[in-house]
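Peer 1: This is structure-v9.pdb (PDB, C-alpha atoms and all ligand atoms).
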```pdb
ATOM      1  CA  MET A   1      96.069  54.402  43.846
ATOM      2  CA  PRO A   2      95.899  55.620  40.238
ATOM      3  CA  VAL A   3      96.999  59.090  39.287
ATOM      4  CA  VAL A   4      93.760  60.821  38.427
ATOM      5  CA  PRO A   5      93.214  63.180  35.491
ATOM      6  CA  GLY A   6      93.894  66.790  36.284
ATOM      7  CA  ARG A   7      96.707  66.074  38.681
ATOM      8  CA  ARG A   8      99.514  66.953  36.301
ATOM      9  CA  GLN A   9      99.438  70.653  37.107
ATOM     10  CA  ARG A  10      99.467  69.932  40.824
ATOM     11  CA  ALA A  11     102.365  67.514  40.516
ATOM     12  CA  VAL A  12     104.382  70.032  38.542
ATOM     13  CA  SER A  13     103.785  72.821  41.023
ATOM     14  CA  ALA A  14     104.614  70.524  43.929
ATOM     15  CA  THR A  15     107.837  69.395  42.300
ATOM     16  CA  SER A  16     109.288  72.830  42.871
ATOM     17  CA  SER A  17     108.694  72.250  46.590
ATOM     18  CA  ARG A  18     110.590  68.968  46.689
ATOM     19  CA  SER A  19     113.681  70.668  48.051
ATOM     20  CA  SER A  20     111.638  71.971  51.014
ATOM     21  CA  ILE A  21     111.142  68.519  52.502
ATOM     22  CA  GLY A  22     114.726  67.911  53.487
ATOM     23  CA  SER A  23     114.078  68.724  57.135
ATOM     24  CA  LEU A  24     111.096  66.399  57.647
ATOM     25  CA  SER A  25     111.061  63.159  59.622
ATOM     26  CA  GLU A  26     110.854  59.955  57.597
ATOM     27  CA  PRO A  27     107.050  59.387  57.988
ATOM     28  CA  ALA A  28     106.321  63.031  57.249
ATOM     29  CA  ARG A  29     108.666  62.962  54.262
ATOM     30  CA  ALA A  30     106.902  59.835  52.959
ATOM     31  CA  ALA A  31     103.512  61.507  53.344
ATOM     32  CA  TRP A  32     104.787  64.548  51.534
ATOM     33  CA  GLU A  33     106.179  62.389  48.723
ATOM     34  CA  ASP A  34     102.695  60.894  48.382
ATOM     35  CA  ILE A  35     101.267  64.350  47.876
ATOM     36  CA  ILE A  36     103.864  65.302  45.305
ATOM     37  CA  ASP A  37     103.336  62.063  43.433
ATOM     38  CA  GLY A  38      99.565  62.431  43.429
ATOM     39  CA  GLN A  39      98.837  59.548  45.771
ATOM     40  CA  HIS A  40      96.506  61.263  48.197
ATOM     41  CA  PRO A  41      92.774  61.215  47.582
ATOM     42  CA  GLU A  42      91.527  63.609  44.999
ATOM     43  CA  SER A  43      89.617  66.474  46.480
ATOM     44  CA  ASP A  44      88.005  69.566  45.111
ATOM     45  CA  ILE A  45      88.462  71.655  48.223
ATOM     46  CA  GLY A  46      91.741  73.346  47.537
ATOM     47  CA  ASP A  47      95.178  73.510  46.096
ATOM     48  CA  ASP A  48      98.355  71.690  46.917
ATOM     49  CA  PRO A  49     100.001  72.555  50.204
ATOM     50  CA  ASP A  50     101.311  76.087  50.027
ATOM     51  CA  LEU A  51     104.797  76.133  51.475
ATOM     52  CA  SER A  52     105.175  79.842  51.020
ATOM     53  CA  ARG A  53     102.774  80.419  53.938
ATOM     54  CA  PRO A  54     102.756  79.071  57.481
ATOM     55  CA  ASN A  55      99.922  76.721  58.299
ATOM     56  CA  LEU A  56      98.032  76.351  61.586
ATOM     57  CA  ALA A  57      97.967  72.528  61.540
ATOM     58  CA  ARG A  58     101.715  72.313  60.994
ATOM     59  CA  MET A  59     102.529  75.053  63.533
ATOM     60  CA  TYR A  60     100.452  73.185  66.118
ATOM     61  CA  ASP A  61     102.328  69.994  65.221
ATOM     62  CA  TYR A  62     105.598  71.861  65.825
ATOM     63  CA  PHE A  63     104.402  73.173  69.209
ATOM     64  CA  LEU A  64     103.661  69.569  70.211
ATOM     65  CA  GLY A  65     107.105  68.371  69.169
ATOM     66  CA  GLY A  66     105.962  66.748  65.915
ATOM     67  CA  SER A  67     107.931  66.606  62.700
ATOM     68  CA  ALA A  68     105.345  67.236  59.954
ATOM     69  CA  ASN A  69     106.178  70.897  59.706
ATOM     70  CA  PHE A  70     108.277  73.091  57.458
ATOM     71  CA  GLU A  71     110.750  75.909  57.896
ATOM     72  CA  ILE A  72     108.082  78.579  57.345
ATOM     73  CA  ASP A  73     105.823  76.975  60.012
ATOM     74  CA  ARG A  74     108.660  76.740  62.523
ATOM     75  CA  ARG A  75     109.752  80.318  61.943
ATOM     76  CA  VAL A  76     106.284  81.765  62.564
ATOM     77  CA  ALA A  77     105.589  79.351  65.449
ATOM     78  CA  ASP A  78     108.860  80.373  67.115
ATOM     79  CA  GLU A  79     107.907  83.996  66.723
ATOM     80  CA  ALA A  80     104.461  83.312  68.215
ATOM     81  CA  ALA A  81     106.065  81.480  71.148
ATOM     82  CA  GLU A  82     108.368  84.425  71.729
ATOM     83  CA  ARG A  83     105.816  87.212  71.360
ATOM     84  CA  ALA A  84     102.889  85.339  72.989
ATOM     85  CA  PRO A  85     104.187  82.363  75.044
ATOM     86  CA  ALA A  86     100.671  81.229  76.019
ATOM     87  CA  SER A  87     100.182  80.047  72.404
ATOM     88  CA  VAL A  88     102.329  77.020  73.260
ATOM     89  CA  THR A  89     100.591  76.475  76.594
ATOM     90  CA  PHE A  90      97.277  76.217  74.756
ATOM     91  CA  ALA A  91      98.604  73.483  72.455
ATOM     92  CA  VAL A  92      99.907  71.361  75.338
ATOM     93  CA  GLU A  93      96.819  71.774  77.534
ATOM     94  CA  ASN A  94      94.513  71.239  74.576
ATOM     95  CA  ARG A  95      96.081  67.877  73.862
ATOM     96  CA  ALA A  96      95.623  66.869  77.523
ATOM     97  CA  PHE A  97      91.958  67.942  77.270
ATOM     98  CA  LEU A  98      91.560  65.771  74.156
ATOM     99  CA  ARG A  99      92.709  62.723  76.110
ATOM    100  CA  ARG A 100      90.393  63.476  79.030
ATOM    101  CA  VAL A 101      87.372  64.173  76.877
ATOM    102  CA  VAL A 102      87.656  61.025  74.750
ATOM    103  CA  ARG A 103      87.855  58.917  77.905
ATOM    104  CA  TYR A 104      84.931  60.811  79.438
ATOM    105  CA  LEU A 105      82.789  60.191  76.348
ATOM    106  CA  LEU A 106      83.693  56.502  76.251
ATOM    107  CA  ASP A 107      82.824  56.173  79.931
ATOM    108  CA  ALA A 108      79.487  57.811  79.105
ATOM    109  CA  GLY A 109      78.849  55.087  76.519
ATOM    110  CA  VAL A 110      79.725  56.897  73.265
ATOM    111  CA  ASP A 111      81.959  54.811  71.024
ATOM    112  CA  GLN A 112      81.733  56.700  67.709
ATOM    113  CA  PHE A 113      83.741  59.862  67.032
ATOM    114  CA  LEU A 114      83.611  62.404  64.219
ATOM    115  CA  ASP A 115      86.853  64.334  64.728
ATOM    116  CA  LEU A 116      86.618  67.623  62.805
ATOM    117  CA  GLY A 117      89.941  69.411  62.267
ATOM    118  CA  SER A 118      91.767  66.322  63.471
ATOM    119  CA  GLY A 119      95.205  67.753  62.635
ATOM    120  CA  VAL A 120      98.541  66.139  61.938
ATOM    121  CA  PRO A 121      98.585  62.793  63.748
ATOM    122  CA  THR A 122     100.765  63.024  66.823
ATOM    123  CA  ALA A 123     101.126  61.124  70.089
ATOM    124  CA  GLY A 124      97.742  60.272  71.611
ATOM    125  CA  ASN A 125      95.431  60.377  68.612
ATOM    126  CA  VAL A 126      91.709  59.948  69.218
ATOM    127  CA  HIS A 127      91.573  56.368  67.879
ATOM    128  CA  GLU A 128      94.539  55.355  70.041
ATOM    129  CA  ILE A 129      92.926  56.772  73.181
ATOM    130  CA  ALA A 130      89.557  55.241  72.278
ATOM    131  CA  HIS A 131      90.909  51.809  71.355
ATOM    132  CA  GLU A 132      92.707  51.487  74.710
ATOM    133  CA  ARG A 133      89.272  51.131  76.316
ATOM    134  CA  ALA A 134      87.011  50.176  73.414
ATOM    135  CA  PRO A 135      88.839  48.431  70.548
ATOM    136  CA  TRP A 136      85.587  48.431  68.569
ATOM    137  CA  ALA A 137      85.261  52.251  68.702
ATOM    138  CA  ARG A 138      84.872  53.986  65.329
ATOM    139  CA  VAL A 139      86.730  57.174  64.521
ATOM    140  CA  ALA A 140      86.200  59.300  61.397
ATOM    141  CA  TYR A 141      88.887  61.959  61.079
ATOM    142  CA  VAL A 142      88.315  65.048  58.928
ATOM    143  CA  ASP A 143      90.789  67.785  58.063
ATOM    144  CA  HIS A 144      91.321  70.066  55.104
ATOM    145  CA  GLU A 145      95.093  70.371  55.361
ATOM    146  CA  PRO A 146      96.792  68.107  52.786
ATOM    147  CA  VAL A 147      99.941  67.340  54.775
ATOM    148  CA  ALA A 148      97.868  66.366  57.837
ATOM    149  CA  VAL A 149      95.626  64.138  55.716
ATOM    150  CA  ALA A 150      98.457  62.432  53.826
ATOM    151  CA  HIS A 151     100.283  61.785  57.082
ATOM    152  CA  ALA A 152      97.123  60.335  58.636
ATOM    153  CA  GLU A 153      96.478  58.097  55.638
ATOM    154  CA  ARG A 154      99.875  56.475  56.031
ATOM    155  CA  LEU A 155      99.468  55.958  59.760
ATOM    156  CA  LEU A 156      95.930  54.622  59.508
ATOM    157  CA  ARG A 157      96.466  52.189  56.658
ATOM    158  CA  ASP A 158      96.160  49.164  58.956
ATOM    159  CA  SER A 159      93.764  50.586  61.528
ATOM    160  CA  PRO A 160      90.308  49.016  61.451
ATOM    161  CA  ASN A 161      87.305  51.242  62.147
ATOM    162  CA  VAL A 162      89.261  54.426  61.461
ATOM    163  CA  THR A 163      89.033  56.691  58.393
ATOM    164  CA  ILE A 164      90.461  60.014  57.302
ATOM    165  CA  THR A 165      88.560  62.333  54.973
ATOM    166  CA  ARG A 166      89.956  65.456  53.414
ATOM    167  CA  ALA A 167      87.148  67.994  53.588
ATOM    168  CA  ASP A 168      86.287  71.430  54.854
ATOM    169  CA  ALA A 169      84.379  71.081  58.129
ATOM    170  CA  ARG A 170      82.245  74.084  57.141
ATOM    171  CA  ASP A 171      80.862  72.062  54.246
ATOM    172  CA  THR A 172      78.712  69.975  56.549
ATOM    173  CA  ALA A 173      76.786  68.114  53.837
ATOM    174  CA  THR A 174      79.998  67.009  52.123
ATOM    175  CA  VAL A 175      81.473  65.842  55.416
ATOM    176  CA  LEU A 176      78.354  63.977  56.514
ATOM    177  CA  ASN A 177      77.972  62.253  53.141
ATOM    178  CA  ALA A 178      81.642  61.417  52.653
ATOM    179  CA  PRO A 179      82.269  57.647  52.413
ATOM    180  CA  GLY A 180      84.728  57.840  55.312
ATOM    181  CA  VAL A 181      82.030  59.330  57.520
ATOM    182  CA  ALA A 182      78.658  58.005  56.294
ATOM    183  CA  GLY A 183      80.207  54.596  55.579
ATOM    184  CA  LEU A 184      81.746  54.273  59.038
ATOM    185  CA  LEU A 185      79.527  56.001  61.581
ATOM    186  CA  ASP A 186      76.006  54.901  62.438
ATOM    187  CA  PHE A 187      74.103  58.126  63.069
ATOM    188  CA  ASP A 188      71.188  56.172  64.587
ATOM    189  CA  ARG A 189      73.515  55.556  67.529
ATOM    190  CA  PRO A 190      75.230  58.288  69.614
ATOM    191  CA  VAL A 191      78.142  60.031  67.938
ATOM    192  CA  ALA A 192      80.596  62.421  69.589
ATOM    193  CA  VAL A 193      81.434  65.320  67.295
ATOM    194  CA  LEU A 194      84.871  66.642  68.261
ATOM    195  CA  ALA A 195      85.549  70.262  67.386
ATOM    196  CA  VAL A 196      88.737  70.431  69.396
ATOM    197  CA  ALA A 197      90.861  73.508  68.637
ATOM    198  CA  LEU A 198      88.873  73.996  65.436
ATOM    199  CA  LEU A 199      86.271  76.715  65.956
ATOM    200  CA  HIS A 200      88.759  79.576  66.372
ATOM    201  CA  ALA A 201      89.756  78.814  62.761
ATOM    202  CA  ILE A 202      86.162  79.482  61.646
ATOM    203  CA  PRO A 203      85.442  83.222  61.420
ATOM    204  CA  ASP A 204      82.133  84.736  62.508
ATOM    205  CA  GLN A 205      81.066  85.320  58.912
ATOM    206  CA  ASP A 206      81.178  81.548  58.336
ATOM    207  CA  ASP A 207      78.827  81.055  61.315
ATOM    208  CA  PRO A 208      80.523  78.338  63.398
ATOM    209  CA  GLY A 209      77.355  78.093  65.556
ATOM    210  CA  ALA A 210      75.268  77.121  62.528
ATOM    211  CA  MET A 211      77.968  74.651  61.505
ATOM    212  CA  LEU A 212      77.777  72.911  64.899
ATOM    213  CA  ALA A 213      73.977  72.940  64.727
ATOM    214  CA  ALA A 214      74.087  71.159  61.352
ATOM    215  CA  TYR A 215      76.208  68.391  62.851
ATOM    216  CA  ARG A 216      73.894  68.219  65.870
ATOM    217  CA  ASP A 217      70.878  67.837  63.587
ATOM    218  CA  ALA A 218      72.556  64.836  61.940
ATOM    219  CA  CYS A 219      73.051  63.137  65.322
ATOM    220  CA  CYS A 220      70.546  61.293  67.475
ATOM    221  CA  THR A 221      69.697  62.020  71.118
ATOM    222  CA  GLY A 222      72.513  60.865  73.367
ATOM    223  CA  SER A 223      75.123  62.282  71.015
ATOM    224  CA  ALA A 224      77.560  64.974  72.119
ATOM    225  CA  VAL A 225      79.864  67.718  70.933
ATOM    226  CA  ALA A 226      83.259  68.387  72.509
ATOM    227  CA  VAL A 227      84.727  71.808  71.962
ATOM    228  CA  SER A 228      87.919  73.581  72.861
ATOM    229  CA  HIS A 229      88.618  77.118  71.727
ATOM    230  CA  LEU A 230      91.584  79.463  71.855
ATOM    231  CA  SER A 231      90.786  82.598  73.812
ATOM    232  CA  GLY A 232      92.672  85.639  74.926
ATOM    233  CA  THR A 233      92.600  84.995  78.678
ATOM    234  CA  ALA A 234      96.371  84.794  79.003
ATOM    235  CA  PHE A 235      97.294  87.359  76.371
ATOM    236  CA  THR A 236      98.003  91.026  76.952
ATOM    237  CA  SER A 237      96.566  93.237  74.246
ATOM    238  CA  ASP A 238     100.021  93.385  72.616
ATOM    239  CA  GLU A 239     100.179  89.590  72.608
ATOM    240  CA  GLN A 240      96.682  89.332  71.120
ATOM    241  CA  GLN A 241      97.767  91.711  68.415
ATOM    242  CA  ALA A 242     100.947  89.679  67.775
ATOM    243  CA  VAL A 243      98.976  86.430  67.454
ATOM    244  CA  ARG A 244      96.481  88.006  65.076
ATOM    245  CA  GLU A 245      99.254  89.492  62.961
ATOM    246  CA  LEU A 246     101.249  86.263  62.780
ATOM    247  CA  LEU A 247      98.242  84.113  61.965
ATOM    248  CA  GLU A 248      97.042  86.555  59.325
ATOM    249  CA  ALA A 249      99.790  84.976  57.208
ATOM    250  CA  THR A 250      98.145  81.532  57.402
ATOM    251  CA  PRO A 251      95.223  80.408  55.239
ATOM    252  CA  THR A 252      93.130  80.197  58.444
ATOM    253  CA  PRO A 253      93.461  83.348  60.540
ATOM    254  CA  VAL A 254      92.317  82.858  64.103
ATOM    255  CA  THR A 255      89.293  84.422  65.803
ATOM    256  CA  LEU A 256      89.931  84.784  69.537
ATOM    257  CA  ARG A 257      86.566  84.541  71.324
ATOM    258  CA  ASP A 258      85.774  85.158  74.971
ATOM    259  CA  GLN A 259      83.821  82.773  77.192
ATOM    260  CA  GLU A 260      80.483  84.383  76.370
ATOM    261  CA  ALA A 261      81.004  84.191  72.608
ATOM    262  CA  ILE A 262      82.142  80.553  72.801
ATOM    263  CA  GLY A 263      79.104  79.776  74.978
ATOM    264  CA  ARG A 264      76.828  81.159  72.255
ATOM    265  CA  LEU A 265      78.241  78.630  69.780
ATOM    266  CA  LEU A 266      76.940  75.891  72.079
ATOM    267  CA  THR A 267      73.348  77.101  72.187
ATOM    268  CA  GLY A 268      70.962  74.151  72.148
ATOM    269  CA  TYR A 269      73.298  71.728  73.907
ATOM    270  CA  ARG A 270      72.992  70.599  77.531
ATOM    271  CA  LEU A 271      76.471  71.273  78.939
ATOM    272  CA  ALA A 272      78.096  68.587  81.089
ATOM    273  CA  ALA A 273      79.618  69.740  84.396
ATOM    274  CA  PRO A 274      81.686  71.879  84.847
ATOM    275  CA  GLY A 275      80.176  73.716  81.865
ATOM    276  CA  LEU A 276      82.336  75.900  79.655
ATOM    277  CA  ALA A 277      85.538  75.914  81.707
ATOM    278  CA  LEU A 278      89.109  77.064  81.340
ATOM    279  CA  LEU A 279      90.870  74.286  79.469
ATOM    280  CA  PRO A 280      92.873  72.739  82.349
ATOM    281  CA  ASP A 281      89.829  72.985  84.644
ATOM    282  CA  TRP A 282      87.645  70.800  82.452
ATOM    283  CA  ARG A 283      87.483  67.558  84.466
ATOM    284  CA  SER A 284      91.203  67.569  85.183
ATOM    285  CA  ASN A 285      92.285  64.353  86.830
ATOM    286  CA  ASP A 286      95.399  62.459  87.795
ATOM    287  CA  GLU A 287      95.450  60.595  84.495
ATOM    288  CA  SER A 288      95.956  63.775  82.457
ATOM    289  CA  PRO A 289      96.820  66.471  84.974
ATOM    290  CA  PRO A 290      97.112  70.058  83.778
ATOM    291  CA  ARG A 291     100.667  71.310  83.505
ATOM    292  CA  HIS A 292      99.912  75.017  83.682
ATOM    293  CA  PRO A 293      97.754  77.296  85.833
ATOM    294  CA  ALA A 294      94.265  77.375  84.331
ATOM    295  CA  ALA A 295      94.273  80.973  83.139
ATOM    296  CA  HIS A 296      97.626  80.502  81.371
ATOM    297  CA  ALA A 297      96.199  77.861  79.051
ATOM    298  CA  ASN A 298      94.435  80.513  77.105
ATOM    299  CA  GLY A 299      91.405  78.535  76.110
ATOM    300  CA  TYR A 300      88.009  77.163  77.099
ATOM    301  CA  ALA A 301      86.500  73.712  76.772
ATOM    302  CA  ALA A 302      83.084  72.084  77.098
ATOM    303  CA  VAL A 303      81.032  69.028  76.281
ATOM    304  CA  GLY A 304      77.444  69.513  75.197
ATOM    305  CA  TRP A 305      74.899  66.711  75.020
ATOM    306  CA  CYS A 306      72.133  66.553  72.421
TER     307      CYS A 306
HETATM  308  C1  LIG B   1      95.112  73.268  66.102
HETATM  309  S1  LIG B   1      94.766  71.897  65.071
HETATM  310  C2  LIG B   1      93.872  70.831  66.188
HETATM  311  C3  LIG B   1      94.126  69.363  65.961
HETATM  312  C4  LIG B   1      93.367  68.433  66.904
HETATM  313  N1  LIG B   1      91.934  68.620  66.797
HETATM  314  C5  LIG B   1      93.783  68.662  68.340
HETATM  315  O1  LIG B   1      93.040  69.322  69.069
HETATM  316  O2  LIG B   1      94.849  68.204  68.735
HETATM  317  C6  LIG B   1      93.428  72.551  64.089
HETATM  318  C7  LIG B   1      93.149  71.720  62.867
HETATM  319  O3  LIG B   1      91.950  72.171  62.268
HETATM  320  C8  LIG B   1      92.125  72.095  60.870
HETATM  321  N2  LIG B   1      91.141  72.987  60.247
HETATM  322  C9  LIG B   1      91.059  74.339  60.362
HETATM  323  N3  LIG B   1      90.000  74.783  59.663
HETATM  324  C10 LIG B   1      89.406  73.692  59.116
HETATM  325  C11 LIG B   1      88.271  73.516  58.293
HETATM  326  N4  LIG B   1      87.527  74.544  57.887
HETATM  327  N5  LIG B   1      87.945  72.251  57.906
HETATM  328  C12 LIG B   1      88.709  71.196  58.298
HETATM  329  N6  LIG B   1      89.791  71.306  59.075
HETATM  330  C13 LIG B   1      90.139  72.540  59.487
HETATM  331  C14 LIG B   1      93.554  72.513  60.638
HETATM  332  O4  LIG B   1      94.032  72.044  59.383
HETATM  333  C15 LIG B   1      94.224  71.846  61.817
HETATM  334  O5  LIG B   1      94.683  70.558  61.471
END
```
Translate this file's structure into structure tokens.
Ligand SMILES: C[S@@+](CC[C@H](N)C(=O)[O-])C[C@H]1O[C@@H](n2cnc3c(N)ncnc32)[C@H](O)[C@@H]1O
Peer 2:
Amino acid sequence: MPVVPGRRQRAVSATSSRSSIGSLSEPARAAWEDIIDGQHPESDIGDDPDLSRPNLARMYDYFLGGSANFEIDRRVADEAAERAPASVTFAVENRAFLRRVVRYLLDAGVDQFLDLGSGVPTAGNVHEIAHERAPWARVAYVDHEPVAVAHAERLLRDSPNVTITRADARDTATVLNAPGVAGLLDFDRPVAVLAVALLHAIPDQDDPGAMLAAYRDACCTGSAVAVSHLSGTAFTSDEQQAVRELLEATPTPVTLRDQEAIGRLLTGYRLAAPGLALLPDWRSNDESPPRHPAAHANGYAAVGWC
């Protein structure tokens, strides 16, 4: 890929961060080198990765045992785990929900996925789960975090029917018109929009309900949205405060919403049974059994049909 005009400044600023990558695994280091060398797709949505601040995508990767995270992410994630242990429980149970929900949607006949806030690729990515049952399934990943996107690009290089787009999910028109989305998904057929562990990163003033509605309007009848959302069910008020404080340092502070507020985001969808449930209670089964008591998972999940 050619180095595009305007990248010089970014490359220079990233060079100063080269020493920060010593602790990364080999694939994560390679992805990071791509960023530094200007090999990831040009985007107008933001700056180079900021290693002076922790980042939600990379902290989540760390909670799941991944290696695309940096010292600053690990330090804040460790502090979150210590001051509010249910933060880790959410990450683990959320990943189990992701597996269950992709299989549920495939069984319901949906074989196209728009995965918003797809994160750093880790074990059990959506396309891997989907392709176990439907090798023809199409998966368009979208994330705005440069390390997550560069890492995904490397992993997906030889994966047919899978794309990764760097974009802000709030910019619905850009996402829906991006070549990796519009060129892959057929919106005349059902599409599952995945907003899994994403909406708590969208503050009320950015209207996450309207964002979901815009995606719904782009989809035909028979399409679905799958949502999981961090809540405060397992946090004491001190823990809630600790989480808010720690995540204030990230570019995407978290909005903890209760069941009622999350339900409002899903207005206009027909919710599949069991409705908006505690994360481990959403269609738990022997294939992906919950590992924690439901209320400890600290989040809610639902599937809504268009
Ligand atoms: C906690 S991770 C969830 C990853 C994956 N969906 C899962 O459930 O395993 C949240 C992801 O959302 C991404 N994200 C947050 N706000 C976003 C936005 N406005 N647009 C695109 N991605 C966003 C973050 O970069 C991060 O990778």
Peer 1: Do you know which residues are within 8 Å of ligand LIG 1 (chain B) using all atoms listed in the file? Can you write them as number ranges by chain?
Peer 2: A: 55-58, 60-61, 91, 94-95, 98, 115-120, 125, 142-145, 148, 166-171, 194-199, 201-202, 228, 252
Peer 1: Given the file shown, enumerate the residues that the PyMOL selection byres (((chain A and resi 209) around 12) and not hetatm) captures and present them as a VMD selection string.
Peer 2: chain A and resid 170 195 199 to 200 202 to 208 210 to 216 225 227 261 to 269
Peer 1: Pick the closest to Tyr300 (chain A) from A:Phe90, A:Leu247, A:Pro146, A:Asp78: which is it, counting all atoms listed in the file?
Peer 2: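 Answer, going by the shortest atom-to-atom distance: A:Phe90.
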Peer 1: In Å, how far is it from CA of Asp188 (chain A) to CA of Arg100 (chain A)?
Peer 2: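 Pair CA of Asp188 (chain A) / CA of Arg100 (chain A) returns 25.1 Å.
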Peer 1: Could you list, as a ChimeraX atom specification, every residue within 12 Å of Gln112 (chain A), counting only C-alpha atoms and ignoring same-chain residues fewer than 6 positions away?
Peer 2: /A:102,105-106,126-127,130-131,134-141,161-163,181-182,184-194,219,222-225
Peer 1: Let me have the centre and edge lengths in Å, one decimal, of the box along x, y and z around every listed atom of region 186-197 of chain A with 5 Å of margin on each side, as AutoDock Vina command-line options.
Peer 2:
```
--center_x 81.0 --center_y 64.2 --center_z 66.0 --size_x 29.7 --size_y 28.6 --size_z 17.2
```
Peer 1: Find, counting all atoms listed in the file, the residue in A:Pro251, A:Gln259, A:Val92, A:Leu155 that gets nearest to Gly275 (chain A).
Peer 2: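 Comparing A:Pro251, A:Gln259, A:Val92, A:Leu155 against Gly275 (chain A), the winner is A:Gln259.
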Peer 1: Can you tell me how far CA of Trp305 (chain A) sits from CA of Leu271 (chain A), in Å to one decimal?
Peer 2: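 Interatomic distance here is 6.2 Å.
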Peer 1: Quote the spacing between CA of Glu93 (chain A) and CA of Ala249 (chain A) in Å to one decimal place.
Peer 2: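 CA of Glu93 (chain A) sits 24.4 Å away from CA of Ala249 (chain A).
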Peer 1: Could you tell me, as an NGL selection string, exactly which residues end up selected when the PyMOL selection byres (((chain A and resi 233) around 9) and not hetatm) is applied to this structure?
Peer 2: :A and (230-232 or 234-236 or 258 or 295-299)
Peer 1: Could you pull region 218-233 of chain A out of the block above and save it with N, CA and C atoms, as a PDB file, in the first residue's frame?
Peer 2:
```
ATOM      1  N   ALA A 218     -31.576   1.268   7.396  1.00  0.00           N
ATOM      2  CA  ALA A 218     -30.818   0.804   6.220  1.00  0.00           C
ATOM      3  C   ALA A 218     -31.049  -0.687   5.953  1.00  0.00           C
ATOM      4  N   CYS A 219     -31.670  -1.359   6.924  1.00  0.00           N
ATOM      5  CA  CYS A 219     -31.825  -2.829   6.821  1.00  0.00           C
ATOM      6  C   CYS A 219     -33.249  -3.202   6.438  1.00  0.00           C
ATOM      7  N   CYS A 220     -33.388  -4.352   5.786  1.00  0.00           N
ATOM      8  CA  CYS A 220     -34.719  -4.792   5.377  1.00  0.00           C
ATOM      9  C   CYS A 220     -35.397  -5.568   6.518  1.00  0.00           C
ATOM     10  N   THR A 221     -36.674  -5.831   6.366  1.00  0.00           N
ATOM     11  CA  THR A 221     -37.406  -6.661   7.327  1.00  0.00           C
ATOM     12  C   THR A 221     -36.718  -8.023   7.409  1.00  0.00           C
ATOM     13  N   GLY A 222     -36.669  -8.551   8.630  1.00  0.00           N
ATOM     14  CA  GLY A 222     -35.970  -9.830   8.814  1.00  0.00           C
ATOM     15  C   GLY A 222     -34.545  -9.624   9.305  1.00  0.00           C
ATOM     16  N   SER A 223     -34.131  -8.343   9.339  1.00  0.00           N
ATOM     17  CA  SER A 223     -32.814  -8.030   9.887  1.00  0.00           C
ATOM     18  C   SER A 223     -32.918  -7.928  11.411  1.00  0.00           C
ATOM     19  N   ALA A 224     -31.766  -7.811  12.064  1.00  0.00           N
ATOM     20  CA  ALA A 224     -31.773  -7.817  13.531  1.00  0.00           C
ATOM     21  C   ALA A 224     -30.662  -6.930  14.061  1.00  0.00           C
ATOM     22  N   VAL A 225     -30.803  -6.553  15.326  1.00  0.00           N
ATOM     23  CA  VAL A 225     -29.693  -5.906  16.034  1.00  0.00           C
ATOM     24  C   VAL A 225     -29.404  -6.736  17.282  1.00  0.00           C
ATOM     25  N   ALA A 226     -28.130  -6.923  17.572  1.00  0.00           N
ATOM     26  CA  ALA A 226     -27.737  -7.603  18.817  1.00  0.00           C
ATOM     27  C   ALA A 226     -26.963  -6.593  19.651  1.00  0.00           C
ATOM     28  N   VAL A 227     -27.376  -6.481  20.892  1.00  0.00           N
ATOM     29  CA  VAL A 227     -26.803  -5.465  21.769  1.00  0.00           C
ATOM     30  C   VAL A 227     -26.353  -6.085  23.082  1.00  0.00           C
ATOM     31  N   SER A 228     -25.183  -5.693  23.548  1.00  0.00           N
ATOM     32  CA  SER A 228     -24.864  -5.917  24.959  1.00  0.00           C
ATOM     33  C   SER A 228     -24.345  -4.601  25.503  1.00  0.00           C
ATOM     34  N   HIS A 229     -24.553  -4.390  26.796  1.00  0.00           N
ATOM     35  CA  HIS A 229     -24.302  -3.059  27.367  1.00  0.00           C
ATOM     36  C   HIS A 229     -23.848  -3.212  28.808  1.00  0.00           C
ATOM     37  N   LEU A 230     -22.746  -2.556  29.122  1.00  0.00           N
ATOM     38  CA  LEU A 230     -22.260  -2.532  30.509  1.00  0.00           C
ATOM     39  C   LEU A 230     -23.261  -1.773  31.376  1.00  0.00           C
ATOM     40  N   SER A 231     -23.521  -2.338  32.560  1.00  0.00           N
ATOM     41  CA  SER A 231     -24.461  -1.681  33.463  1.00  0.00           C
ATOM     42  C   SER A 231     -23.793  -1.545  34.816  1.00  0.00           C
ATOM     43  N   GLY A 232     -24.574  -1.224  35.811  1.00  0.00           N
ATOM     44  CA  GLY A 232     -23.950  -1.088  37.128  1.00  0.00           C
ATOM     45  C   GLY A 232     -24.461  -2.127  38.100  1.00  0.00           C
ATOM     46  N   THR A 233     -25.094  -3.194  37.571  1.00  0.00           N
ATOM     47  CA  THR A 233     -25.802  -4.140  38.448  1.00  0.00           C
ATOM     48  C   THR A 233     -24.900  -4.756  39.505  1.00  0.00           C
TER      49      THR A 233
END
```
